[in-house]
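One file, start_6.txt, carrying compact mmCIF, C-alpha atoms:
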```txt
# COMPACT_ATOMS: atom_id res chain seq x y z
CA MET J 581 28.36 1.43 4.34
CA PRO J 582 25.67 -0.93 3.05
CA PRO J 583 22.22 -0.80 4.70
CA SER J 584 22.72 -4.21 6.34
CA ALA J 585 25.61 -2.75 8.37
CA HIS J 586 23.28 -0.39 10.24
CA PRO J 587 21.21 -1.46 13.25
CA ALA J 588 17.50 -1.87 12.64
CA ARG J 589 15.42 1.30 12.96
CA ASP J 590 11.72 1.75 13.66
CA LEU J 591 9.24 2.53 10.89
CA VAL J 592 5.49 2.60 11.47
CA VAL J 593 3.13 1.70 8.66
CA ALA J 594 -0.02 3.80 8.85
CA THR J 595 -2.51 0.99 8.30
CA THR J 596 -4.68 -1.37 10.30
CA ASN J 597 -5.07 -3.59 7.22
CA ARG J 598 -3.03 -6.72 7.98
CA GLY J 599 -2.88 -7.63 4.30
CA LYS J 600 -1.22 -4.35 3.39
CA LEU J 601 1.09 -4.56 6.40
CA SER J 602 2.23 -8.05 5.44
CA GLU J 603 2.98 -6.97 1.87
CA LEU J 604 4.89 -3.89 2.95
CA VAL J 605 6.95 -5.85 5.49
CA SER J 606 8.02 -8.15 2.66
CA LEU J 607 8.65 -5.31 0.21
CA LEU J 608 10.88 -3.52 2.73
CA GLY J 609 13.10 -6.61 2.85
CA GLY J 610 16.83 -5.88 2.79
CA LEU J 611 16.53 -2.50 4.52
CA PRO J 612 17.62 -2.10 8.16
CA VAL J 613 14.14 -1.33 9.46
CA GLU J 614 11.88 -2.91 12.03
CA VAL J 615 8.39 -2.40 10.70
CA ARG J 616 5.49 -1.79 13.04
CA GLY J 617 1.80 -1.58 12.31
CA LEU J 618 -0.28 1.02 14.11
CA HIS J 619 -1.69 -1.64 16.44
CA ASP J 620 1.87 -2.61 17.42
CA VAL J 621 2.54 0.93 18.63
CA LEU J 622 -0.81 2.37 19.71
CA SER J 623 -3.58 0.62 21.63
CA ASP J 624 -6.11 2.98 20.09
CA PRO J 625 -4.85 4.13 16.66
CA PRO J 626 -6.26 7.44 15.41
CA GLN J 627 -9.00 7.26 12.81
CA VAL J 628 -8.16 9.17 9.65
CA LEU J 629 -10.95 10.56 7.48
CA GLU J 630 -9.77 9.73 3.95
CA ASP J 631 -11.48 12.67 2.30
CA GLY J 632 -8.67 13.66 -0.05
CA ALA J 633 -9.41 14.20 -3.72
CA THR J 634 -6.43 12.04 -4.70
CA LEU J 635 -4.63 8.94 -3.50
CA ALA J 636 -1.58 11.09 -2.75
CA ALA J 637 -3.58 13.43 -0.53
CA ASN J 638 -4.94 10.52 1.50
CA ALA J 639 -1.55 8.80 1.77
CA ILE J 640 0.09 12.00 3.02
CA LYS J 641 -2.72 12.61 5.51
CA LYS J 642 -2.39 9.09 6.94
CA ALA J 643 1.42 9.31 7.12
CA ARG J 644 1.31 12.69 8.86
CA THR J 645 -1.22 11.45 11.40
CA ALA J 646 0.84 8.34 12.16
CA ALA J 647 4.07 10.29 12.44
CA ARG J 648 2.49 12.84 14.77
CA SER J 649 0.86 10.15 16.93
CA THR J 650 3.92 7.93 17.28
CA ASN J 651 6.84 10.35 16.76
CA MET J 652 8.23 7.73 14.38
CA LEU J 653 9.09 7.73 10.71
CA ALA J 654 5.76 6.86 9.08
CA LEU J 655 4.91 5.13 5.83
CA ALA J 656 1.37 5.22 4.43
CA ASP J 657 -0.27 3.65 1.41
CA ASP J 658 -3.38 4.68 -0.44
CA SER J 659 -4.42 2.53 -3.37
CA GLY J 660 -7.28 2.41 -5.81
CA LEU J 661 -8.70 0.46 -8.71
CA GLU J 662 -9.44 2.41 -11.88
CA VAL J 663 -11.83 0.88 -14.42
CA ASP J 664 -11.69 2.62 -17.79
CA ALA J 665 -15.31 1.79 -18.70
CA LEU J 666 -16.39 3.58 -15.52
CA ASP J 667 -14.28 6.66 -16.21
CA GLY J 668 -11.73 5.66 -13.60
CA LEU J 669 -14.09 4.59 -10.83
CA PRO J 670 -13.92 3.50 -8.09
CA GLY J 671 -10.54 5.26 -7.89
CA VAL J 672 -9.92 7.15 -4.68
CA ARG J 673 -13.19 5.73 -3.30
CA SER J 674 -12.14 2.12 -3.85
CA ALA J 675 -12.13 1.12 -0.18
CA ARG J 676 -15.52 2.78 0.35
CA PHE J 677 -17.22 2.21 -2.99
CA ALA J 678 -20.25 0.35 -1.59
CA SER J 679 -20.43 2.31 1.69
CA GLU J 680 -18.20 4.00 4.23
CA HIS J 681 -17.41 0.77 6.10
CA ALA J 682 -17.93 -1.73 3.29
CA THR J 683 -16.35 -5.16 3.26
CA ASP J 684 -14.26 -6.36 0.34
CA ALA J 685 -17.16 -8.54 -0.84
CA GLU J 686 -19.57 -5.58 -0.71
CA ASN J 687 -17.21 -3.37 -2.70
CA ILE J 688 -16.73 -6.07 -5.34
CA ALA J 689 -20.51 -6.54 -5.62
CA ALA J 690 -21.04 -2.78 -5.98
CA LEU J 691 -18.38 -2.57 -8.68
CA LEU J 692 -19.82 -5.48 -10.65
CA GLN J 693 -23.27 -3.88 -10.45
CA ALA J 694 -21.85 -0.61 -11.79
CA ILE J 695 -20.18 -2.50 -14.63
CA GLU J 696 -23.44 -4.28 -15.44
CA ARG J 697 -25.26 -0.94 -15.59
CA SER J 698 -22.60 0.42 -17.93
CA ASN J 699 -23.49 -2.24 -20.55
CA LYS J 700 -19.79 -2.62 -21.34
CA PRO J 701 -18.87 -6.27 -21.96
CA PRO J 702 -15.95 -7.74 -20.00
CA PRO J 703 -13.04 -8.07 -19.91
CA LEU J 704 -12.60 -4.41 -19.10
CA SER J 705 -9.25 -2.64 -19.00
CA ALA J 706 -8.31 -1.42 -15.53
CA ARG J 707 -5.36 -0.75 -13.28
CA PHE J 708 -4.42 -0.76 -9.65
CA ARG J 709 -2.68 2.46 -8.62
CA CYS J 710 -0.74 2.93 -5.38
CA VAL J 711 0.77 6.01 -3.77
CA LEU J 712 3.21 5.61 -0.89
CA ALA J 713 3.99 8.57 1.36
CA VAL J 714 6.69 8.94 4.01
CA VAL J 715 6.67 11.59 6.74
CA ASP J 716 9.46 12.23 9.24
CA PRO J 717 8.16 13.95 12.42
CA ARG J 718 11.65 15.19 13.29
CA SER J 719 11.85 17.16 10.06
CA PRO J 720 8.61 19.21 10.07
CA GLY J 721 9.89 21.49 7.31
CA ARG J 722 10.57 18.62 4.91
CA ALA J 723 7.87 17.87 2.38
CA PRO J 724 6.54 14.29 2.46
CA TRP J 725 8.11 11.84 0.04
CA THR J 726 5.55 10.41 -2.37
CA VAL J 727 5.95 7.76 -5.05
CA GLU J 728 3.45 6.02 -7.31
CA GLY J 729 3.16 2.54 -8.78
CA VAL J 730 0.72 1.09 -11.33
CA CYS J 731 -0.29 -2.45 -12.28
CA GLU J 732 -2.29 -2.79 -15.51
CA GLY J 733 -4.85 -5.54 -16.04
CA THR J 734 -8.48 -6.37 -16.73
CA ILE J 735 -11.65 -6.88 -14.71
CA ILE J 736 -13.61 -10.15 -14.83
CA THR J 737 -17.12 -10.62 -13.48
CA THR J 738 -16.61 -13.98 -11.76
CA PRO J 739 -14.24 -13.74 -8.76
CA ARG J 740 -11.38 -16.22 -8.69
CA GLY J 741 -8.84 -16.99 -5.97
CA ARG J 742 -8.72 -16.87 -2.21
CA LEU J 743 -5.49 -14.94 -1.65
CA GLY J 744 -4.93 -11.22 -1.35
CA PHE J 745 -7.64 -8.75 -0.41
CA GLY J 746 -9.77 -5.95 -1.80
CA TYR J 747 -10.57 -6.30 -5.51
CA ASP J 748 -7.86 -8.92 -6.10
CA PRO J 749 -10.34 -11.73 -7.00
CA ILE J 750 -11.70 -9.86 -10.03
CA PHE J 751 -8.46 -8.29 -11.30
CA VAL J 752 -6.49 -10.27 -13.88
CA VAL J 753 -2.91 -9.07 -14.01
CA GLY J 754 -1.76 -7.89 -17.41
CA GLY J 755 0.22 -10.54 -19.26
CA LYS J 756 -0.97 -13.31 -16.93
CA ASP J 757 -3.92 -15.69 -16.81
CA HIS J 758 -4.40 -15.33 -13.06
CA THR J 759 -6.25 -12.90 -10.89
CA MET J 760 -4.29 -11.10 -8.20
CA ALA J 761 -6.05 -13.36 -5.68
CA GLU J 762 -4.61 -16.45 -7.40
CA LEU J 763 -1.01 -15.28 -7.04
CA THR J 764 1.20 -16.29 -4.15
CA ALA J 765 2.53 -13.52 -1.94
CA ALA J 766 5.88 -13.69 -3.72
CA GLU J 767 4.26 -13.57 -7.16
CA LYS J 768 2.07 -10.63 -6.20
CA ASN J 769 5.01 -8.75 -4.71
CA ALA J 770 6.83 -9.06 -8.03
CA VAL J 771 4.13 -7.34 -10.11
CA SER J 772 1.74 -5.38 -7.90
CA HIS J 773 1.16 -1.64 -7.88
CA ARG J 774 2.46 -1.60 -4.31
CA ALA J 775 5.67 -3.33 -5.39
CA GLN J 776 6.16 -0.84 -8.23
CA ALA J 777 5.76 2.08 -5.82
CA MET J 778 8.10 0.54 -3.25
CA ALA J 779 10.79 0.02 -5.91
CA ARG J 780 10.78 3.81 -6.34
CA LEU J 781 10.71 4.51 -2.62
CA ARG J 782 13.53 2.16 -1.59
CA PRO J 783 16.41 4.41 -2.74
CA LEU J 784 15.03 7.32 -0.72
CA LEU J 785 14.66 5.19 2.40
CA ALA J 786 18.05 3.56 1.94
CA ARG J 787 19.73 6.96 1.66
CA ALA J 788 17.96 8.32 4.74
CA LEU J 789 18.84 5.23 6.79
CA ALA J 790 22.47 5.33 5.67
CA GLU J 791 22.67 8.97 6.76
CA GLY J 792 21.15 8.24 10.17
CA GLY J 793 17.68 9.40 9.18
CA VAL J 794 16.44 12.30 11.30
CA GLY J 795 13.59 11.04 13.43
CA LEU J 796 14.47 7.36 13.17
CA ARG J 797 14.82 5.49 16.45
CA GLN J 798 16.48 2.26 17.45
CA GLY J 799 14.21 -0.80 17.27
CA ARG J 800 13.06 -2.22 20.61
CA GLY J 801 12.31 -5.76 19.44
CA THR J 802 8.51 -5.56 19.22
CA GLY J 803 8.06 -4.94 15.51
CA HIS J 804 8.15 -7.05 12.37
CA LYS J 805 11.68 -8.01 11.33
CA VAL J 806 11.96 -7.61 7.58
CA PRO J 807 13.62 -10.39 5.61
CA ARG J 808 17.10 -9.70 4.28
CA GLY J 809 17.42 -9.95 0.54
CA GLU J 810 17.70 -8.19 -2.74
CA PRO J 811 15.81 -4.94 -3.30
CA VAL J 812 12.51 -5.21 -5.16
CA ARG J 813 12.91 -4.27 -8.80
```
Whole structure given in C-alpha cells:
Amino acid sequence: MPPSAHPARDLVVATTNRGKLSELVSLLGGLPVEVRGLHDVLSDPPQVLEDGATLAANAIKKARTAARSTNMLALADDSGLEVDALDGLPGVRSARFASEHATDAENIAALLQAIERSNKPPPLSARFRCVLAVVDPRSPGRAPWTVEGVCEGTIITTPRGRLGFGYDPIFVVGGKDHTMAELTAAEKNAVSHRAQAMARLRPLLARALAEGGVGLRQGRGTGHKVPRGEPVR
C-alpha cells in the first residue's frame, strides 16, 4: 500500500529553529506524517546541551530527548559548516562559534574574522554537513537511525541574500552563482545538505510508516500538514 493510503501519523522535530522546521516539513512532503515542532507539543521544551564530539552524537542526543519527552517518533538535525582553510571549523560548533548563545550575524562575523586571521584568500572551499537522527520511544532496544548529507561550496566574505538562516549568506553553492541565502525555499531544498540527508532517510521512514511504525500515533490535527508530492531526490 502506498504511503498516501495511510492516515497521517505524528512526528516531532527536535528543534526550536523555525527555519529548520519549515525546511523539514517541506522535505517530508509525500509521507503520511503530521510534523510537529517541539513548541507545538511542549509548552516548555527541554534544553539539550549539544556537547557531542560529532554532529551525529548531537543529533542522536536531541532525538532521544524529544522522543522521551513527548513519547513520539522524533527526528533531529545537527548541521555544521566546514571550512577547509580552517581545518574544518566551525564544524560541530557552528551554531555556537562566536559564543554559546550567538546570533547568526555574530557567528558569521566570528567566522570571517577567523578567515581573515588565516591569511587565506577567498573564495575558500567549504561544505555544509547535516546528520539526521530518528528515535522511536516505543522501541528502546532499536538503535537510532542516522543519515548524512553534504552540500559542497565556497565561502565569500561579503554576505549576500536575505533568505535562509545561519551561514547561508556567505555560502555559495557549488556549481551555482548564488549564496544559499539567495535561493528560494524550493531551490534550497533541491540542493542543500539537509535535502541530501532526507533523501537517504525517506526510505526508512516510508517503510516504518507502511508497517505501522511502532511508537507512531494518529495525528490530532494540531501539527504541520506536509505537502503531498514526489519524494526528494
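Restricting the calculation to all atoms listed in the file, the smallest distance between Val663 in chain J and any of J:Ala770, J:Val753, J:Leu618, J:Leu691 is found for J:Leu691.
Atom to atom, CA of Ala656 in chain J and CA of Leu692 in chain J stand 28.1 Å apart.
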Next item on the list: Please provide as number ranges by chain all residues within 12 Å of range 674-676 of chain J, with the sequence filter that same-chain residues fewer than 5 positions apart are discarded (counting only C-alpha atoms).
Entry: J: 597, 629-631, 634-635, 638, 658-663, 668-669, 681-688, 690-691, 707-710, 745-747
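Candidate residues J:Ala713, J:Ala678, J:Leu666, J:Met760 were compared for distance to Arg697 in chain J, and the nearest is J:Leu666, using all atoms listed in the file.
Interatomic distance, CA of Leu622 in chain J against CA of Arg774 in chain J: 24.6 Å.
Distance check against Glu728 in chain J using all atoms listed in the file: of J:Thr645, J:Asn651, J:Thr595, J:Gln776, the minimum falls on J:Gln776.
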Note to self: With all atoms listed in the file as the counted atoms, please give the residues lying no more than 12 Å from Ser623 in chain J, apart from itself and same-chain residues fewer than 6 positions off, as a PyMOL selection string.
What the structure shows: chain J and resi 596+617+649-650
Check: With only C-alpha atoms as the basis for distance, which of J:Asp748, J:Ala779, J:Ala790, J:Thr737 is at the shortest distance from Gly609 in chain J?
Finding: J:Ala779
Checklist line | Selected residue, from J:Ala706, J:Cys731, J:Ala689, J:Leu655, that lies nearest to Leu785 in chain J when counting all atoms listed in the file | finding: J:Leu655
Notebook entry, point to check: Pick from J:Gly744, J:Leu591, J:Trp725, J:Arg598: nearest to Leu611 in chain J, with all atoms listed in the file counted?
Noted result: J:Leu591
Margin query: Quick check, in Å to one decimal: how far apart do CA of Ala636 in chain J and CA of Val613 in chain J lie?
Written below: 23.5 Å
Item checked: Ala643 in chain J surroundings by only C-alpha atoms, 10 Å radius, close-in-sequence under 5 positions cut, as a PyMOL selection string -> chain J and resi 592-595+628+638+648-649+653-657+712-717+724
Convert the current residue selection to file output with C-alpha atoms, as an mmCIF file, in the coordinates of the input.
```cif
data_model
loop_
_atom_site.group_PDB
_atom_site.id
_atom_site.type_symbol
_atom_site.label_atom_id
_atom_site.label_comp_id
_atom_site.auth_asym_id
_atom_site.auth_seq_id
_atom_site.Cartn_x
_atom_site.Cartn_y
_atom_site.Cartn_z
ATOM 1 C CA VAL J 592 5.490 2.600 11.470
ATOM 2 C CA VAL J 593 3.130 1.700 8.660
ATOM 3 C CA ALA J 594 -0.020 3.800 8.850
ATOM 4 C CA THR J 595 -2.510 0.990 8.300
ATOM 5 C CA VAL J 628 -8.160 9.170 9.650
ATOM 6 C CA ASN J 638 -4.940 10.520 1.500
ATOM 7 C CA ARG J 648 2.490 12.840 14.770
ATOM 8 C CA SER J 649 0.860 10.150 16.930
ATOM 9 C CA LEU J 653 9.090 7.730 10.710
ATOM 10 C CA ALA J 654 5.760 6.860 9.080
ATOM 11 C CA LEU J 655 4.910 5.130 5.830
ATOM 12 C CA ALA J 656 1.370 5.220 4.430
ATOM 13 C CA ASP J 657 -0.270 3.650 1.410
ATOM 14 C CA LEU J 712 3.210 5.610 -0.890
ATOM 15 C CA ALA J 713 3.990 8.570 1.360
ATOM 16 C CA VAL J 714 6.690 8.940 4.010
ATOM 17 C CA VAL J 715 6.670 11.590 6.740
ATOM 18 C CA ASP J 716 9.460 12.230 9.240
ATOM 19 C CA PRO J 717 8.160 13.950 12.420
ATOM 20 C CA PRO J 724 6.540 14.290 2.460
#
```
